[in-house]
Protein chains: 2
Amino acid sequence: MANKSITSRDLDFAKWYTDVVRAAKLADYTSVKGCIAIEPNGYAIWERMQYELDKKFKELGHVNVQMPLLIPENLLNKEKELVAGFAPELAWVTIGGRKELEERHCIRATSETLFCDYYKTHVRTYRDLPMLYNQWCNVLRWEKETRPFLRSREFLWQEGHTVHASEEDAIKETYQMAEVYKWFHHEILAIPSIIGLKTEKEKFAGAEFTITNEDMMYNGVCLQDGTSHYFGQKFSKAYDVKFTNKDNKLEHVYQTSWGIATRMIAALIMVHADDDGLVLPPRIAPRQVVIIPIGDDKKVLDLANTINTKLNKKNIISYIDNSDKSPGFKFAEAEVNGIPLRIEIGSRDLDNNELTVARRDTKEKSKVNVKEDIVKYVSKMLDTIQKDMYERALKRREELTFTAKDLKEMENILNTQPGFIHADWCGDSDCELKIKEIKGCKSRCIVDEPLVTGKCVCCGKKAKHHVIWGLQY
Amino acid sequence: MANKSITSRDLDFAKWYTDVVRAAKLADYTSVKGCIAIEPNGYAIWERMQYELDKKFKELGHVNVQMPLLIPENLLNKEKELVAGFAPELAWVTIGGRKELEERHCIRATSETLFCDYYKTHVRTYRDLPMLYNQWCNVLRWEKETRPFLRSREFLWQEGHTVHASEEDAIKETYQMAEVYKWFHHEILAIPSIIGLKTEKEKFAGAEFTITNEDMMYNGVCLQDGTSHYFGQKFSKAYDVKFTNKDNKLEHVYQTSWGIATRMIAALIMVHADDDGLVLPPRIAPRQVVIIPIGDDKKVLDLANTINTKLNKKNIISYIDNSDKSPGFKFAEAEVNGIPLRIEIGSRDLDNNELTVARRDTKEKSKVNVKEDIVKYVSKMLDTIQKDMYERALKRREELTFTAKDLKEMENILNTQPGFIHADWCGDSDCELKIKEIKGCKSRCIVDEPLVTGKCVCCGKKAKHHVIWGLQY
């Protein structure tokens with residue numbers, strides 16, 4: 001019984017995606033072109049994401065700050081590659097307080113500029129380093145084509161910006177934060193992301209190198225989600241951020257930045273959701289268990305309350321749906337919202353000392369004896385769901401993983417069923433451009449794996465790298 | 001021994017304020033005119049504020065959302081009073097993606113417009129009501145004179161926007177949220193704010209009425225901090241937000257909004273700080289206890305670790321300063337940062353089985369026997385500090401509270417020592433304007449107290465209201 005307001009995923013994936021966003025009340029379009037309103041159900045997921053990541057960042061010694069929203073044009077212009085990368089997407093404030101501004105200000109699309117401006121006056125000696133700053137904020141990129149969470153003119157994210165006394169420390173930080181994003185994908189979101197290096201063409205504007213987390217969506221299209229950049233001294237030279245090192249000499253700092261955005265909500269949907277709506281992994285679900293009493297028998301309501309209290313005490317986020325809707329309606333609502341586990345309590349079941357537990361991910365229903373330790377049962381079941389969701393996503397990724405030895409093979413794959421295509425590359429960006437001609441296929445990342453054939457998939461010359469290729473959002 | 005980097009509060013209050021902000025590393029100026037960088041120490045306070053308020057909002061049934069940053073001009077223009085109120089302070093985006101926009105967009109100065117736009121398409125029947133939405137975000141107001149936290153072009157805040165099925169419910173919400181802000185001031189910030197109604201002249205642009213929290217700064221200048229507005233149907237009529245009521249008739253919703261900002265950090269400083277820097281009430285302090293080992297005797301370090309672990313286990317936020325600075329430097333740093341309690345452990349003291357506990361607020365030092373239950377001792381001491389700080393702020397407020405029966409008296413007070421001036425008012429805005437001529441003195445709020453003399457402090461006619469007047473930030 002598929003949800004009638006949701007188009008089938010196999011019929012029209014794009015339509016299915018926006019249907020799920022709307023049906024689960026995650027976000028809606030607004031009168032502001034290209035910008036969404038994140039609704040309570042969507043924002044609650046973002047709060048859970050913030051909680052898990054922020055805790056991890058702080059454990060690793062990072063602290064939160066807040067830099068300005070606006071960037072004066074002259075400040076922005078100091079780092080040429082960054083400007084070139086973002087110029088087409090900037091929004092400019094030209095009027096403030098009823099006056100034409102002498103210098104226009106852009107709304108931040110990313111904040112390297114502002115952090116450098118800060119570090120320039122606050123870093124003095126190696127004793128001040130590292131400075132491990134992060135901010136949670138909104139950024140704006142004037143995109144033409146937008147879709148809720150996936151690509152929106154304004155989005156929410158965190159951006160870490162750190163400065164270090166040595167190349168070694170900064171590179172270590174860059175890898176560490178890419179691994180944090182990987183941990184977050186695998187352990188919390190149940191998404192088996194692949195980590196790797198971006199090619200020169202695909203790396204962040206101004207970075208020495210970029211490490212990316214690449215996710216595989218259900219339809220075989222890839223999503224970049226969580227990148228970590230090593231800047232070396234590029235920005236610190238452009239913005240003149242220097243420190244006195246241990247040898248009492250002035251040296252430019254070594255810098256990183258790393259960010260992850262509300263785009264993760266898009267990944268969650270496109271990896272796990274189905275034709276009945278959202279399916280949330282228990283570890284990211286704002287509500288893990290819904291208890292639905294059937295009828296208004298006092299015995300039923302009492303048991304619902306007892307179970308709810310017990311679960312909440314053990315930090316399992318449960319709630320009772322005691323609205324005046326019909327049980328069937330409540331089931332469907334819990335399904336579309338992706339609540340991982342549903343407990344149904346009815347008087348007929350209770351006469352047999354039973355209640356029903358239904359998994360959202362597999363739709364499996366089990367009868368549970370009321371005398372069983374329900375907290376233990378639910379807790380174990382949530383762990384199982386989390387693990388199973390990861391395994392299913394991994395299995396899907398593996399089904400959609402291919403290898404190609406030449407362009408012909410690559411083209412065949414992309415025309416049949418896109419996915420992660422493993423193929424060797426000579427390192428020449430002309431080959432990347434030629435591959436892009438096939439349906440816009442791009443290098444996702446360079447992985448640290450043995451070469452596939454030893455020859456470039458495009459030109460056939462000696463290969464340098466094992467690369468994953470694919471279509472992308 | 002006053003901190004050398006801080007001007008004396010009695011010599012130059014304005015300079016003292018910015019010195020404290022800088023010395024405690026709360027915020028700094030940036031290359032973006034009128035905008036600050038909130039540094040880790042400042043942002044950590046804001047995170048504590050968010051935590052306490054957000055928890056309370058949610059307990060009362062509110063949910064978080066996120067509306068866009070930008071507002072198209074035609075959407076903004078629908079509510080005339082709001083536009084008139086904010087027009088002088090707006091920043092306008094006129095260029096996006098390298099193109100002149102057909103319609104310019106302002107950056108939100110407040111989001112009534114955007115919430116109405118959302119509610120218009122999402123409210124259908126009385127069953128959907130109330131909708132109790134809140135958002136944590138940044139807003140921009142193009143101020144001319146700015147000072148860190150107190151008045152900044154960009155600031156962070158929360159704005160609650162709720163819609164209800166009846167006037168009664170909406171008014172109840174308006175008062176409830178003003179009381180939440182009062183609770184927050186009194187119980188968490190140790191600031192004895194006074195709650196009251198704003199006059200017609202001073203209320204929020206577009207509101208039917210505004211309830212305000214008014215704080216008294218150490219120098220007798222007042223600060224408005226936490227306002228709650230009742231809109232009635234003004235906005236819902238302008239933006240056409242209707243619902244089908246229980247009688248199956250279309251009716252415009254009843255609306256409120258309420259907000260509190262990073263300005264609270266300015267209040268915290270101006271109420272509690274002293275010539276040695278910040279003084280934080282324990283319930284808002286991001287770090288409540290610093291443990292400073294003197295020397296590197298193993299016995300000293302072991303005890304520091306033991307105490308730190310014990311305190312953290314009981315949710316007292318303590319940390320050990322084991323940096324390579326001198327004890328004197330560490331003491332001064334803990335003082336300037338306003339850490340409520342300092343525990344000094346030295347080997348000489350330990351020979352006598354003692355350690356030293358120093359309060360930040362009073363500078364009192366006590367010797368404590370190591371065999372005493374240190375968690376209990378610290379916990380009780382933190383409660384005492386919290387209580388004492390509130391009492392001192394209340395005493396100061398009372399010292400700076402006056403009554404005036406006529407303009408002459410009012411002028412005398414304002415020329416000698418400003419403060420809260422209780423005086424009756426006829427309700428005529430001409431009288432308000434005349435009073436404003438005395439050093440910019442404004443009505444702070446109408447309080448629910450018996451009249452002072454029964455006659456207007458300005459015109460001498462029959463008084464309608466007991467009003468508190470004062471200079472303001």
# chains A, B, ... in the order shown; residues from 1 in each chain; ligands from 1

call {"tool": "select_by_dssp", "arguments": {"residues": "segment 134-381 of chain A", "states": "helix (DSSP H, G or I)", "output": "PyMOL selection string"}}
result
chain A and resi 167-188+234-238+263-272+298-313+327-336+347-351+374-381

call {"tool": "residues_around", "arguments": {"residues": "Glu143 of chain A", "least_positions_apart": "6", "cutoff": "9 Å", "atoms": "only C-alpha atoms", "output": "number ranges by chain"}}
result
A: 34, 88-89, 151-153; B: 97

call {"tool": "interface_residues", "arguments": {"of": "chain B", "to": "chain A", "cutoff": "8 Å", "atoms": "only C-alpha atoms", "output": "PDB file with C-alpha atoms, in the first residue's frame"}}
result
ATOM      1  CA  THR B  30      36.147  43.126  11.712  1.00  0.00           C
ATOM      2  CA  SER B  31      36.855  44.642   8.297  1.00  0.00           C
ATOM      3  CA  VAL B  32      33.095  44.596   7.777  1.00  0.00           C
ATOM      4  CA  CYS B  35      29.768  43.838  12.155  1.00  0.00           C
ATOM      5  CA  ILE B  36      31.639  41.866  14.799  1.00  0.00           C
ATOM      6  CA  ALA B  37      33.334  38.501  14.975  1.00  0.00           C
ATOM      7  CA  ILE B  38      31.949  36.616  17.976  1.00  0.00           C
ATOM      8  CA  GLU B  39      34.965  34.834  19.425  1.00  0.00           C
ATOM      9  CA  PRO B  40      34.953  31.429  21.195  1.00  0.00           C
ATOM     10  CA  GLY B  42      31.513  34.993  23.506  1.00  0.00           C
ATOM     11  CA  TYR B  43      29.963  32.306  21.365  1.00  0.00           C
ATOM     12  CA  ALA B  44      30.146  29.779  24.208  1.00  0.00           C
ATOM     13  CA  VAL B  63       9.219  23.777  17.307  1.00  0.00           C
ATOM     14  CA  ASN B  64      12.126  25.165  15.323  1.00  0.00           C
ATOM     15  CA  VAL B  65      12.076  26.002  11.629  1.00  0.00           C
ATOM     16  CA  GLN B  66      14.168  28.073   9.217  1.00  0.00           C
ATOM     17  CA  MET B  67      12.766  30.690   6.849  1.00  0.00           C
ATOM     18  CA  PRO B  68      14.779  32.404   4.097  1.00  0.00           C
ATOM     19  CA  LEU B  69      17.320  35.174   4.711  1.00  0.00           C
ATOM     20  CA  LEU B  70      16.035  37.337   1.852  1.00  0.00           C
ATOM     21  CA  ILE B  71      12.668  39.059   1.422  1.00  0.00           C
ATOM     22  CA  PRO B  72      11.434  40.204  -2.019  1.00  0.00           C
ATOM     23  CA  LEU B  75       6.261  40.741  -0.176  1.00  0.00           C
ATOM     24  CA  ALA B  87      12.829  50.866   6.023  1.00  0.00           C
ATOM     25  CA  PRO B  88      15.681  53.127   7.250  1.00  0.00           C
ATOM     26  CA  GLU B  89      17.666  50.120   8.449  1.00  0.00           C
ATOM     27  CA  LEU B  90      17.379  47.729   5.530  1.00  0.00           C
ATOM     28  CA  ALA B  91      20.173  46.346   3.360  1.00  0.00           C
ATOM     29  CA  TRP B  92      19.194  45.516  -0.214  1.00  0.00           C
ATOM     30  CA  VAL B  93      20.511  42.831  -2.534  1.00  0.00           C
ATOM     31  CA  THR B  94      20.224  44.164  -6.077  1.00  0.00           C
ATOM     32  CA  ILE B  95      22.603  41.844  -7.941  1.00  0.00           C
ATOM     33  CA  GLY B  96      22.532  38.036  -7.964  1.00  0.00           C
ATOM     34  CA  GLY B  97      24.474  35.649 -10.196  1.00  0.00           C
ATOM     35  CA  ARG B  98      26.085  38.597 -12.061  1.00  0.00           C
ATOM     36  CA  ASP B 117       3.922  33.986   3.708  1.00  0.00           C
ATOM     37  CA  TYR B 118       4.436  30.458   5.034  1.00  0.00           C
ATOM     38  CA  TRP B 142      21.911  48.987   8.971  1.00  0.00           C
ATOM     39  CA  GLU B 143      22.720  50.876  12.190  1.00  0.00           C
ATOM     40  CA  GLU B 154      24.245  41.909  12.069  1.00  0.00           C
TER      41      GLU B 154
END

call {"tool": "residues_around", "arguments": {"residues": "Arg397 of chain B", "least_positions_apart": "5", "cutoff": "9 Å", "atoms": "only C-alpha atoms", "output": "number ranges by chain"}}
result
B: 192, 215-218, 220, 392, 419-420

call {"tool": "residues_around", "arguments": {"residues": "Leu433 of chain A", "least_positions_apart": "4", "cutoff": "9 Å", "atoms": "only C-alpha atoms", "output": "PDB file with N, CA and C atoms, in the first residue's frame"}}
result
ATOM      1  N   SER A 429      43.750  16.462 -17.679  1.00  0.00           N
ATOM      2  CA  SER A 429      42.397  17.012 -17.546  1.00  0.00           C
ATOM      3  C   SER A 429      41.644  16.994 -18.877  1.00  0.00           C
ATOM      4  N   GLU A 437      31.817  14.557 -21.523  1.00  0.00           N
ATOM      5  CA  GLU A 437      30.895  14.639 -22.668  1.00  0.00           C
ATOM      6  C   GLU A 437      29.851  13.519 -22.642  1.00  0.00           C
ATOM      7  N   LYS A 442      31.483  12.767 -14.315  1.00  0.00           N
ATOM      8  CA  LYS A 442      32.656  13.429 -13.747  1.00  0.00           C
ATOM      9  C   LYS A 442      33.442  12.492 -12.842  1.00  0.00           C
TER      10      LYS A 442
END

call {"tool": "atom_distance", "arguments": {"atom1": "atom CA of Ile438 of chain A", "atom2": "atom CA of Glu398 of chain A"}}
result
22.1 Å

call {"tool": "atom_distance", "arguments": {"atom1": "atom CA of Met270 of chain A", "atom2": "atom CA of Tyr17 of chain A"}}
result
7.0 Å
